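Following: one structure in structure tokens, then a few remarks.
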Amino acid sequence: MLSAKPRSVAELRERLLQGRGATKAIVESVIQRLSEYGYLDDARFAHSYASLRVQQRPIGRQRLQRDLWLKKIDKATANEALDLVFAATPEEELIDRAIEKRLRLHGRPQSRAETKKLFDHLLRQGFAFELIGEKLRTISSVEVDEDV
């Protein structure tokens, strides 16, 4: 199972318990042995998962936090991994890339409805509400300056 894709300890435990003839004692011993060998490490898994997602496309901290929660990573481990990832690549840089890509595909928002669509898109990508508002106000002020 680990060769197909990396998994968190809780994910692997859940999958192994679904197997036929698996007992809690056997599964716990397997997980302990895999951890001793270095095949299972939630901190390393969370960091590699988060950094890969950020490299693939611009994504916000809230979305990554939810994704790690779905992977059954505990909150403290997830926060440590996210702190490391966002120290290397600041969220402001990621939101700038996301806005740039969206503007390249759809053009500048010309109406309030289009601005709302851009706002909603960035919110779904997991960026903070305040950060989105700040960036969209910057885009709006640039439009006003260009028109003058």
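Each chain of the structure tokens is named A, B, ... in the order shown, its residues numbered from 1; ligands are numbered from 1 in display order.
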Discussion item. For Arg7 (chain A), find every residue with an atom within 10 Å (counting only C-alpha atoms), except residues of its own chain fewer than 5 positions away, and show them as a ChimeraX atom specification.
Written reply: /A:1-2,12-13,15,39-42,45-46,49,71-73
What are the closest atom pairs, with distances in Å to one decimal, for each residue of region 14-56 of chain A lying within 12 Å of region 90-110 of chain A, using only C-alpha atoms, rows by chain and rising residue number, as JSON lines?
```
{"residue": "A:Ser51", "atom": "CA", "partner": "A:Pro90", "partner_atom": "CA", "distance": 11.8}
{"residue": "A:Arg53", "atom": "CA", "partner": "A:Leu94", "partner_atom": "CA", "distance": 11.5}
{"residue": "A:Val54", "atom": "CA", "partner": "A:Leu94", "partner_atom": "CA", "distance": 8.0}
{"residue": "A:Gln55", "atom": "CA", "partner": "A:Leu94", "partner_atom": "CA", "distance": 9.6}
{"residue": "A:Gln56", "atom": "CA", "partner": "A:Leu94", "partner_atom": "CA", "distance": 11.0}
```
Residues from the last selection, C-alpha atoms, saved as a short mmCIF file (atom, residue, chain, number, x, y, z; two decimals), in the first residue's frame:
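Produced file part_11.cif, reproduced below:
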```cif
data_model
loop_
_atom_site.label_atom_id
_atom_site.label_comp_id
_atom_site.auth_asym_id
_atom_site.auth_seq_id
_atom_site.Cartn_x
_atom_site.Cartn_y
_atom_site.Cartn_z
CA SER A 51 5.14 21.30 -0.47
CA ARG A 53 0.70 20.76 -3.63
CA VAL A 54 2.15 24.29 -3.40
CA GLN A 55 4.61 23.54 -6.20
CA GLN A 56 1.89 22.15 -8.46
#
```
Item to complete: Within 12 Å of Asp74 (chain A), counting only C-alpha atoms, which residues show up once you throw out same-chain ones fewer than 3 positions away? Write them as a PyMOL selection string, please.
Response: chain A and resi 8-11+42-43+45-46+65-71+77-81
Save out the residues we just selected, N, CA and C atoms, as a short mmCIF file (atom, residue, chain, number, x, y, z; two decimals), in the first residue's frame.
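See out.cif below for the written result:
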```cif
data_model
loop_
_atom_site.label_atom_id
_atom_site.label_comp_id
_atom_site.auth_asym_id
_atom_site.auth_seq_id
_atom_site.Cartn_x
_atom_site.Cartn_y
_atom_site.Cartn_z
N SER A 8 -0.60 8.57 5.61
CA SER A 8 -0.38 8.90 7.00
C SER A 8 -0.58 7.64 7.84
N VAL A 9 -0.16 7.70 9.08
CA VAL A 9 -0.29 6.55 9.97
C VAL A 9 -1.76 6.17 10.14
N ALA A 10 -2.61 7.17 10.35
CA ALA A 10 -4.04 6.89 10.56
C ALA A 10 -4.70 6.32 9.30
N GLU A 11 -4.31 6.83 8.14
CA GLU A 11 -4.85 6.30 6.88
C GLU A 11 -4.46 4.83 6.71
N ASP A 42 4.44 10.84 10.01
CA ASP A 42 3.40 11.81 9.69
C ASP A 42 3.98 13.20 9.41
N ALA A 43 5.01 13.60 10.14
CA ALA A 43 5.59 14.93 9.93
C ALA A 43 6.21 15.03 8.54
N PHE A 45 5.50 13.12 5.95
CA PHE A 45 4.40 12.98 4.99
C PHE A 45 3.68 14.31 4.80
N ALA A 46 3.35 14.98 5.91
CA ALA A 46 2.62 16.25 5.84
C ALA A 46 3.44 17.31 5.11
N GLN A 65 -4.61 23.00 4.89
CA GLN A 65 -4.91 22.53 6.24
C GLN A 65 -6.09 21.55 6.20
N ARG A 66 -7.10 21.87 5.42
CA ARG A 66 -8.26 20.97 5.28
C ARG A 66 -7.85 19.65 4.61
N ASP A 67 -7.01 19.74 3.58
CA ASP A 67 -6.56 18.54 2.89
C ASP A 67 -5.76 17.62 3.82
N LEU A 68 -4.91 18.22 4.65
CA LEU A 68 -4.15 17.41 5.60
C LEU A 68 -5.07 16.80 6.66
N TRP A 69 -6.11 17.53 7.04
CA TRP A 69 -7.08 16.98 7.98
C TRP A 69 -7.78 15.77 7.35
N LEU A 70 -8.10 15.87 6.06
CA LEU A 70 -8.72 14.74 5.36
C LEU A 70 -7.78 13.55 5.25
N LYS A 71 -6.47 13.82 5.26
CA LYS A 71 -5.47 12.75 5.24
C LYS A 71 -5.20 12.21 6.65
N THR A 77 0.90 18.60 13.94
CA THR A 77 1.83 18.16 12.90
C THR A 77 1.55 18.91 11.59
N ALA A 78 0.27 19.08 11.27
CA ALA A 78 -0.10 19.80 10.05
C ALA A 78 0.37 21.25 10.11
N ASN A 79 0.17 21.90 11.26
CA ASN A 79 0.58 23.30 11.40
C ASN A 79 2.09 23.47 11.28
N GLU A 80 2.85 22.54 11.84
CA GLU A 80 4.32 22.59 11.72
C GLU A 80 4.73 22.47 10.25
N ALA A 81 4.13 21.54 9.54
CA ALA A 81 4.45 21.34 8.13
C ALA A 81 4.07 22.57 7.31
#
```
Worksheet item: Just asking: which residues within region 1-142 of chain A are alpha helix (DSSP H) according to DSSP, as a PyMOL selection string?
Response: chain A and resi 9-18+24-37+42-56+61-70+75-88+91-106+112-124+129-142
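For Leu123 (chain A), the non-local neighbours within 10 Å, defined as residues at least 4 positions apart in the same chain or in other chains and counting only C-alpha atoms, are Ile59, Gly60, Gln62, Arg63, Lys117, Leu118, Phe119, Phe127, Ala128, Phe129, Leu131 and Ile132 of chain A.
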Suppose we keep N, CA and C atoms; can you now write the selection as an mmCIF file, in the first residue's frame?
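Now in result-v4.cif:
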```
data_model
loop_
_atom_site.group_PDB
_atom_site.id
_atom_site.type_symbol
_atom_site.label_atom_id
_atom_site.label_comp_id
_atom_site.auth_asym_id
_atom_site.auth_seq_id
_atom_site.Cartn_x
_atom_site.Cartn_y
_atom_site.Cartn_z
ATOM 1 N N ILE A 59 -1.993 27.554 -3.950
ATOM 2 C CA ILE A 59 -3.052 27.104 -3.048
ATOM 3 C C ILE A 59 -2.808 27.732 -1.687
ATOM 4 N N GLY A 60 -3.869 28.079 -0.995
ATOM 5 C CA GLY A 60 -3.758 28.765 0.280
ATOM 6 C C GLY A 60 -3.616 27.827 1.462
ATOM 7 N N GLN A 62 -5.418 27.602 4.218
ATOM 8 C CA GLN A 62 -6.649 26.992 4.723
ATOM 9 C C GLN A 62 -7.019 25.738 3.936
ATOM 10 N N ARG A 63 -6.837 25.783 2.634
ATOM 11 C CA ARG A 63 -7.158 24.620 1.800
ATOM 12 C C ARG A 63 -6.205 23.468 2.109
ATOM 13 N N LYS A 117 -16.602 36.822 -8.661
ATOM 14 C CA LYS A 117 -16.192 35.496 -9.129
ATOM 15 C C LYS A 117 -14.721 35.247 -8.832
ATOM 16 N N LEU A 118 -13.877 36.259 -9.064
ATOM 17 C CA LEU A 118 -12.453 36.133 -8.762
ATOM 18 C C LEU A 118 -12.245 35.948 -7.268
ATOM 19 N N PHE A 119 -12.974 36.720 -6.470
ATOM 20 C CA PHE A 119 -12.896 36.613 -5.016
ATOM 21 C C PHE A 119 -13.273 35.207 -4.559
ATOM 22 N N PHE A 127 -7.175 30.777 0.249
ATOM 23 C CA PHE A 127 -6.489 31.983 0.693
ATOM 24 C C PHE A 127 -7.342 32.705 1.724
ATOM 25 N N ALA A 128 -6.675 33.439 2.615
ATOM 26 C CA ALA A 128 -7.366 34.144 3.693
ATOM 27 C C ALA A 128 -8.223 35.281 3.139
ATOM 28 N N PHE A 129 -9.360 35.490 3.758
ATOM 29 C CA PHE A 129 -10.333 36.498 3.358
ATOM 30 C C PHE A 129 -9.689 37.881 3.280
ATOM 31 N N LEU A 131 -6.484 38.702 3.007
ATOM 32 C CA LEU A 131 -5.453 38.760 1.968
ATOM 33 C C LEU A 131 -6.090 38.942 0.587
ATOM 34 N N ILE A 132 -7.177 38.230 0.349
ATOM 35 C CA ILE A 132 -7.882 38.356 -0.934
ATOM 36 C C ILE A 132 -8.413 39.777 -1.108
#
```
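Using only C-alpha atoms, the nearest neighbour of Glu14 (chain A) within the list A:Glu114, A:Ile31, A:Pro58, A:Gly133 is A:Ile31.
For the choices A:Ser140, A:Glu134, A:Leu34, A:Arg44, the atom-to-atom distance to Thr115 (chain A) is smallest for A:Ser140 when using only C-alpha atoms.
We find CA of Glu28 (chain A) and CA of Pro6 (chain A) to be spaced 17.9 Å apart.
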